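Before any comments, here is the structure.
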Amino acid sequence: DCGMKYVVLTTRHHDGHFIGHELVAEHCRACRELGLGVGLYYSVMNWCEPNYRKGPGAPEWKVFVERTHRQIRALMTDYGPIDYLFYDGAPPPETWEVEKLHAEIRKLQPGLLVSRCRVDNDVHSCEQHAGGAAGKLWESCYTLNDSWGYNAFDANWKTPTQVVELLTKLAHNNGNLLLNVGPRADGSLQPEALETLKAVGGWLRVNGEAVYGAQPHPFNYFDQEISTAQGSTAYIRLIDEHRGRERKICGIGNRVERISLLATGKAFDFRQEGDRITLCGLPPKRDDELPRVLKLELDGAPQGIRNPMFPDCDIRVTGD
């Protein structure tokens with residue numbers, strides 16, 4: 001219902017507590033039943049492990065490394081196919097023999113994607129900011145409120161609009177959103193979290209083609225609308241929707257054949273003069289409505305035209 005495509009379970013955080021075989025098995029089984037990618041998070045850092053606190057070079061450190069390898073091998077052995085292994089708090093690679101470990105686990109899980117182990121990464125992952133890596137799969141990890149774990153006193157929840165804006169911004173830059181939610185002790189989520197997640201899922205049910213499988217649009221908007229593309233279709237997530245019923249989209253190097261609201265399919269009249277589109281009759285956005293997406297059907301793969309006023313930008317979108 002929430003529109004997710006993969007789920008990453010925290011099997012062990014910095015306190016060193018492993019959540020247990022049964023919970024990991026249930027997570028993996030549930031993901032597969034729902035068609036979701038199976039992800040496991042593992043913190044190499046272990047605040048409560050005396051051998052870890054001794055640090056590299058101490059005789060006790062080797063005991064810590066051997067125990068860490070055993071736990072990670074078990075995660076890659078006991079639960080069937082795993083799609084994603086997300087490390088956290090990893091020390092320098094040579095201090096915990098990660099290359100030796102990965103030679104083993106990639107044989108156990110040949111389809112595995114790995115992030116944040118400092119070497120041998122398939123995915124670049126960053127926290128609380130958007131930051132891609134050239135030539136790599138990437139994601140940004142954000143918290144739904146201000147806490148990574150459950151915090152009964154943290155009421156600073158992101159709204160559905162904020163999550164949609166974040167999701168589309170990352171998609172515009174060819175990245176994924178890994179949204180963190182801290183469950184209660186019994187595994188349930190707080191009502192505020194569920195409300196936002198379900199609202200975003202509802203938005204994705206009618207706007208998902210602008211996100212799932214979409215690629216960055218060749219138009220580089222100058223701090224304006226957020227866009228993606230698939231095939232000969234471009235998608236523009238509208239921002240600043242209080243400018244009126246007429247919108248101008250500039251820098252499109254294609255003939256536009258149709259413009260509609262993605263969520264409803266309602267088409268709009270427009271005029272095209274060269275690379276400039278003037279869209280007429282866009283109804284006002286309701287205050288309680290989530291961000292809207294325009295669907296532009298083009299005569300071919302999207303082409304951008306460089307804006308001579310902004311030589312570093314290919315396109316500029318304005319609203320009247």
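Simple scheme: letters A, B, ... for chains in structure tokens order, numbers from 1 for residues in each chain, numbers from 1 for ligands in the order shown.
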Using DSSP on the backbone, list every residue of stretch 55-269 of chain A that comes out as strand (DSSP E or B), and give them as a CSV table (one decimal) with N, CA and C atoms, in the first residue's frame.
```
chain,number,residue,atom,x,y,z
A,84,TYR,N,20.2,-7.2,-1.1
A,84,TYR,CA,20.9,-6.0,-0.8
A,84,TYR,C,21.5,-6.1,0.6
A,85,LEU,N,22.8,-5.9,0.8
A,85,LEU,CA,23.4,-5.8,2.1
A,85,LEU,C,24.0,-4.4,2.3
A,86,PHE,N,23.4,-3.8,3.4
A,86,PHE,CA,23.7,-2.4,3.7
A,86,PHE,C,24.5,-2.3,4.9
A,87,TYR,N,25.8,-2.0,4.8
A,87,TYR,CA,26.7,-1.8,6.0
A,87,TYR,C,26.6,-0.5,6.6
A,88,ASP,N,26.9,-0.4,7.9
A,88,ASP,CA,27.1,0.9,8.5
A,88,ASP,C,28.2,0.9,9.5
A,113,LEU,N,23.6,-7.0,-4.1
A,113,LEU,CA,24.2,-5.6,-4.1
A,113,LEU,C,24.7,-5.2,-2.8
A,114,VAL,N,25.8,-4.5,-2.7
A,114,VAL,CA,26.4,-4.1,-1.4
A,114,VAL,C,26.6,-2.6,-1.4
A,115,SER,N,26.4,-2.0,-0.3
A,115,SER,CA,26.7,-0.6,-0.1
A,115,SER,C,27.4,-0.3,1.2
A,123,VAL,N,26.4,0.0,-4.7
A,123,VAL,CA,25.5,1.1,-4.5
A,123,VAL,C,26.1,2.2,-3.7
A,124,HIS,N,26.0,3.5,-4.1
A,124,HIS,CA,26.4,4.6,-3.3
A,124,HIS,C,25.3,5.0,-2.4
A,125,SER,N,25.4,5.1,-1.1
A,125,SER,CA,24.3,5.5,-0.3
A,125,SER,C,24.8,6.6,0.7
A,126,CYS,N,23.9,7.7,0.8
A,126,CYS,CA,24.3,8.8,1.7
A,126,CYS,C,23.1,9.0,2.6
A,127,GLU,N,23.4,9.8,3.7
A,127,GLU,CA,22.4,10.0,4.7
A,127,GLU,C,21.9,11.4,4.8
A,137,LEU,N,24.8,3.0,-9.2
A,137,LEU,CA,23.5,3.1,-8.5
A,137,LEU,C,23.6,3.9,-7.2
A,138,TRP,N,22.6,4.6,-6.9
A,138,TRP,CA,22.7,5.4,-5.7
A,138,TRP,C,21.4,5.6,-5.0
A,139,GLU,N,21.4,5.8,-3.7
A,139,GLU,CA,20.2,6.1,-3.0
A,139,GLU,C,20.5,7.1,-1.9
A,140,SER,N,19.5,7.8,-1.4
A,140,SER,CA,19.7,8.7,-0.2
A,140,SER,C,18.8,8.1,0.9
A,141,CYS,N,19.3,8.1,2.1
A,141,CYS,CA,18.6,7.6,3.2
A,141,CYS,C,18.1,8.8,4.0
A,142,TYR,N,16.8,8.9,4.2
A,142,TYR,CA,16.2,9.9,5.0
A,142,TYR,C,15.4,9.3,6.1
A,143,THR,N,15.3,10.0,7.3
A,143,THR,CA,14.4,9.6,8.3
A,143,THR,C,13.0,10.2,8.1
A,176,ASN,N,17.4,6.6,-5.7
A,176,ASN,CA,16.4,6.0,-5.0
A,176,ASN,C,16.2,6.7,-3.6
A,177,LEU,N,15.1,6.6,-3.0
A,177,LEU,CA,14.8,7.0,-1.7
A,177,LEU,C,14.7,5.8,-0.8
A,178,LEU,N,15.6,5.7,0.3
A,178,LEU,CA,15.5,4.7,1.3
A,178,LEU,C,15.0,5.5,2.6
A,179,LEU,N,13.7,5.3,2.9
A,179,LEU,CA,13.0,6.1,3.9
A,179,LEU,C,13.0,5.3,5.2
A,180,ASN,N,13.6,5.9,6.2
A,180,ASN,CA,13.8,5.2,7.5
A,180,ASN,C,12.6,5.4,8.4
A,215,GLN,N,13.9,7.7,-16.0
A,215,GLN,CA,15.2,8.2,-16.1
A,215,GLN,C,15.3,9.7,-16.0
A,216,PRO,N,16.4,10.3,-15.6
A,216,PRO,CA,16.5,11.8,-15.6
A,216,PRO,C,16.1,12.4,-16.9
A,226,ILE,N,10.6,19.6,-11.5
A,226,ILE,CA,11.3,18.4,-11.4
A,226,ILE,C,10.8,17.5,-12.4
A,227,SER,N,11.7,16.8,-13.2
A,227,SER,CA,11.2,16.1,-14.3
A,227,SER,C,11.9,14.7,-14.5
A,228,THR,N,11.2,13.8,-15.1
A,228,THR,CA,11.8,12.5,-15.5
A,228,THR,C,11.3,12.1,-16.9
A,229,ALA,N,11.7,11.0,-17.4
A,229,ALA,CA,11.2,10.6,-18.7
A,229,ALA,C,11.3,9.1,-18.9
A,230,GLN,N,10.4,8.6,-19.7
A,230,GLN,CA,10.4,7.2,-20.1
A,230,GLN,C,10.0,7.1,-21.6
A,233,THR,N,8.0,9.9,-23.5
A,233,THR,CA,7.1,10.6,-22.6
A,233,THR,C,8.0,11.3,-21.5
A,234,ALA,N,7.6,12.6,-21.2
A,234,ALA,CA,8.3,13.3,-20.2
A,234,ALA,C,7.3,13.6,-19.1
A,235,TYR,N,7.8,13.7,-17.8
A,235,TYR,CA,6.9,13.9,-16.7
A,235,TYR,C,7.5,15.1,-15.9
A,236,ILE,N,6.6,16.0,-15.6
A,236,ILE,CA,7.0,17.2,-14.9
A,236,ILE,C,6.2,17.3,-13.6
A,237,ARG,N,6.9,17.3,-12.4
A,237,ARG,CA,6.3,17.5,-11.1
A,237,ARG,C,6.2,19.0,-10.9
A,247,ARG,N,0.8,28.1,-17.5
A,247,ARG,CA,2.2,27.8,-17.2
A,247,ARG,C,3.0,27.8,-18.5
A,248,LYS,N,4.2,28.2,-18.4
A,248,LYS,CA,5.1,28.2,-19.6
A,248,LYS,C,6.2,27.2,-19.3
A,249,ILE,N,6.5,26.3,-20.3
A,249,ILE,CA,7.5,25.3,-20.3
A,249,ILE,C,8.5,25.6,-21.4
A,250,CYS,N,9.7,25.9,-21.1
A,250,CYS,CA,10.6,26.4,-22.2
A,250,CYS,C,11.8,25.4,-22.3
A,252,ILE,N,12.0,22.8,-24.7
A,252,ILE,CA,11.7,21.5,-25.2
A,252,ILE,C,12.0,21.4,-26.7
A,256,VAL,N,5.4,18.6,-29.1
A,256,VAL,CA,4.6,18.0,-28.0
A,256,VAL,C,3.2,17.6,-28.6
A,257,GLU,N,2.8,16.4,-28.4
A,257,GLU,CA,1.5,15.9,-29.0
A,257,GLU,C,0.4,16.0,-28.0
A,258,ARG,N,0.7,15.9,-26.8
A,258,ARG,CA,-0.4,15.9,-25.8
A,258,ARG,C,0.1,16.2,-24.4
A,259,ILE,N,-0.6,17.0,-23.6
A,259,ILE,CA,-0.3,17.2,-22.2
A,259,ILE,C,-1.5,16.9,-21.4
A,260,SER,N,-1.2,16.2,-20.3
A,260,SER,CA,-2.3,15.8,-19.4
A,260,SER,C,-1.8,15.7,-18.0
A,261,LEU,N,-2.8,15.7,-17.0
A,261,LEU,CA,-2.4,15.4,-15.6
A,261,LEU,C,-2.2,13.9,-15.5
A,267,ALA,N,-6.6,16.0,-20.2
A,267,ALA,CA,-5.8,16.7,-21.2
A,267,ALA,C,-6.1,18.2,-21.1
```
What's around stretch 197-214 of chain A at 9 Å? Count only C-alpha atoms, leave out sequence neighbours fewer than 3 positions away in its own chain, and write the answer as a ChimeraX atom specification.
/A:1-4,160-161,163-164,167-168,171-172,174,192-194,217,227-231,234-237,262-264,290-293,295
Selection above as a file: N, CA and C atoms, as a short mmCIF file (atom, residue, chain, number, x, y, z; two decimals), in the first residue's frame:
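The resulting file, part24.cif, is reproduced below:
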```cif
data_model
loop_
_atom_site.label_atom_id
_atom_site.label_comp_id
_atom_site.auth_asym_id
_atom_site.auth_seq_id
_atom_site.Cartn_x
_atom_site.Cartn_y
_atom_site.Cartn_z
N ASP A 1 0.80 -1.21 0.00
CA ASP A 1 0.00 0.00 0.00
C ASP A 1 0.85 1.28 0.00
N CYS A 2 2.11 1.15 0.36
CA CYS A 2 2.96 2.34 0.53
C CYS A 2 3.85 2.61 -0.68
N GLY A 3 3.81 1.75 -1.68
CA GLY A 3 4.54 2.00 -2.91
C GLY A 3 6.00 1.61 -2.89
N MET A 4 6.45 0.91 -1.87
CA MET A 4 7.86 0.55 -1.77
C MET A 4 8.21 -0.60 -2.70
N PRO A 160 3.25 14.04 3.85
CA PRO A 160 3.23 13.35 2.57
C PRO A 160 3.77 14.20 1.43
N THR A 161 3.45 15.49 1.43
CA THR A 161 3.97 16.37 0.38
C THR A 161 5.49 16.43 0.41
N VAL A 163 7.56 14.16 1.49
CA VAL A 163 8.12 12.89 1.03
C VAL A 163 8.01 12.77 -0.49
N VAL A 164 6.87 13.17 -1.05
CA VAL A 164 6.71 13.13 -2.51
C VAL A 164 7.73 14.06 -3.17
N LEU A 167 11.08 12.33 -2.97
CA LEU A 167 11.13 11.17 -3.86
C LEU A 167 11.31 11.59 -5.32
N THR A 168 10.56 12.59 -5.75
CA THR A 168 10.65 13.01 -7.15
C THR A 168 11.95 13.75 -7.43
N ALA A 171 14.41 10.95 -7.93
CA ALA A 171 14.17 10.30 -9.22
C ALA A 171 14.66 11.17 -10.37
N HIS A 172 14.48 12.48 -10.24
CA HIS A 172 14.95 13.44 -11.25
C HIS A 172 16.46 13.34 -11.44
N ASN A 174 18.08 10.42 -10.82
CA ASN A 174 18.35 8.99 -11.04
C ASN A 174 18.74 8.26 -9.76
N GLU A 192 1.24 8.38 12.89
CA GLU A 192 1.70 9.46 12.02
C GLU A 192 2.54 8.91 10.87
N ALA A 193 3.36 7.90 11.17
CA ALA A 193 4.18 7.29 10.12
C ALA A 193 3.31 6.56 9.11
N LEU A 194 2.36 5.78 9.61
CA LEU A 194 1.48 5.03 8.72
C LEU A 194 0.67 5.95 7.82
N HIS A 217 15.41 13.43 -16.88
CA HIS A 217 15.02 14.16 -18.08
C HIS A 217 16.24 14.89 -18.63
N SER A 227 11.69 16.83 -13.19
CA SER A 227 11.22 16.06 -14.34
C SER A 227 11.94 14.74 -14.48
N THR A 228 11.24 13.77 -15.10
CA THR A 228 11.80 12.48 -15.47
C THR A 228 11.26 12.13 -16.85
N ALA A 229 11.69 10.99 -17.39
CA ALA A 229 11.25 10.60 -18.72
C ALA A 229 11.28 9.08 -18.85
N GLN A 230 10.39 8.58 -19.70
CA GLN A 230 10.41 7.18 -20.13
C GLN A 230 10.03 7.15 -21.59
N GLY A 231 10.91 6.58 -22.42
CA GLY A 231 10.60 6.50 -23.84
C GLY A 231 10.39 7.87 -24.44
N ALA A 234 7.63 12.58 -21.23
CA ALA A 234 8.29 13.33 -20.17
C ALA A 234 7.28 13.61 -19.07
N TYR A 235 7.77 13.66 -17.84
CA TYR A 235 6.92 13.91 -16.67
C TYR A 235 7.48 15.11 -15.92
N ILE A 236 6.61 16.04 -15.57
CA ILE A 236 7.04 17.23 -14.85
C ILE A 236 6.23 17.35 -13.57
N ARG A 237 6.92 17.27 -12.43
CA ARG A 237 6.26 17.47 -11.14
C ARG A 237 6.22 18.97 -10.89
N LEU A 262 -1.10 13.42 -15.03
CA LEU A 262 -0.84 11.98 -14.96
C LEU A 262 -1.86 11.26 -14.10
N ALA A 263 -2.24 11.84 -12.98
CA ALA A 263 -3.12 11.15 -12.03
C ALA A 263 -4.51 10.91 -12.58
N THR A 264 -5.01 11.82 -13.43
CA THR A 264 -6.40 11.73 -13.90
C THR A 264 -6.53 11.46 -15.39
N LEU A 290 -1.71 16.51 -2.98
CA LEU A 290 -0.28 16.26 -3.10
C LEU A 290 0.23 16.80 -4.43
N PRO A 291 1.54 16.94 -4.58
CA PRO A 291 2.08 17.51 -5.82
C PRO A 291 1.55 16.82 -7.07
N ARG A 292 1.29 17.62 -8.10
CA ARG A 292 0.73 17.10 -9.34
C ARG A 292 1.83 16.92 -10.39
N VAL A 293 1.57 15.99 -11.29
CA VAL A 293 2.55 15.66 -12.33
C VAL A 293 1.91 15.83 -13.70
N LYS A 295 2.04 15.00 -17.68
CA LYS A 295 2.55 14.00 -18.61
C LYS A 295 2.60 14.63 -20.00
#
```
Name the residues of stretch 74-108 of chain A that fall into alpha helix (DSSP H) according to DSSP on the backbone, using the chain letters and numbers of this document, as a list of chain:residue names.
A:Ala74, A:Leu75, A:Met76, A:Thr77, A:Val98, A:Glu99, A:Lys100, A:Leu101, A:His102, A:Ala103, A:Glu104, A:Ile105, A:Arg106, A:Lys107, A:Leu108
How would the residues just chosen look if you wrote them out with N, CA and C atoms as a CSV table (one decimal), in the first residue's frame?
```
chain,number,residue,atom,x,y,z
A,74,ALA,N,26.3,-15.9,8.2
A,74,ALA,CA,25.1,-16.5,8.5
A,74,ALA,C,23.9,-15.7,7.9
A,75,LEU,N,24.0,-14.4,7.8
A,75,LEU,CA,22.9,-13.6,7.1
A,75,LEU,C,22.8,-14.0,5.7
A,76,MET,N,24.0,-14.3,5.1
A,76,MET,CA,24.0,-14.6,3.6
A,76,MET,C,23.7,-16.1,3.4
A,77,THR,N,23.6,-16.9,4.4
A,77,THR,CA,23.4,-18.3,4.2
A,77,THR,C,22.1,-18.8,4.7
A,98,VAL,N,37.6,-7.2,4.8
A,98,VAL,CA,36.3,-7.2,4.1
A,98,VAL,C,36.5,-7.9,2.7
A,99,GLU,N,37.6,-7.7,2.0
A,99,GLU,CA,37.7,-8.3,0.7
A,99,GLU,C,37.7,-9.9,0.8
A,100,LYS,N,38.3,-10.4,1.8
A,100,LYS,CA,38.2,-11.9,2.0
A,100,LYS,C,36.8,-12.3,2.3
A,101,LEU,N,36.1,-11.5,3.1
A,101,LEU,CA,34.7,-11.8,3.4
A,101,LEU,C,33.8,-11.8,2.2
A,102,HIS,N,34.0,-10.8,1.4
A,102,HIS,CA,33.2,-10.6,0.2
A,102,HIS,C,33.4,-11.7,-0.9
A,103,ALA,N,34.7,-12.2,-0.9
A,103,ALA,CA,34.9,-13.3,-1.8
A,103,ALA,C,34.1,-14.5,-1.5
A,104,GLU,N,33.8,-14.6,-0.2
A,104,GLU,CA,32.9,-15.7,0.2
A,104,GLU,C,31.4,-15.4,0.0
A,105,ILE,N,31.0,-14.2,0.4
A,105,ILE,CA,29.5,-14.0,0.4
A,105,ILE,C,29.1,-13.8,-1.0
A,106,ARG,N,29.9,-13.3,-1.9
A,106,ARG,CA,29.4,-13.2,-3.3
A,106,ARG,C,29.3,-14.5,-4.0
A,107,LYS,N,29.9,-15.6,-3.5
A,107,LYS,CA,29.7,-16.9,-4.0
A,107,LYS,C,28.4,-17.4,-3.4
A,108,LEU,N,28.1,-17.1,-2.1
A,108,LEU,CA,26.8,-17.5,-1.5
A,108,LEU,C,25.6,-16.7,-2.1
```
For atom CA of A:Val8 and atom CA of A:Glu94, determine how far apart the two atoms are, in Å to one decimal place.
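Between atom CA of A:Val8 and atom CA of A:Glu94 the gap is 26.0 Å.
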Measuring between only C-alpha atoms, which one of A:Asn46, A:Gln109, A:Cys28, A:Pro56 shows the shortest distance to A:Arg73?
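Checking each candidate against A:Arg73, we get A:Gln109 as the closest.
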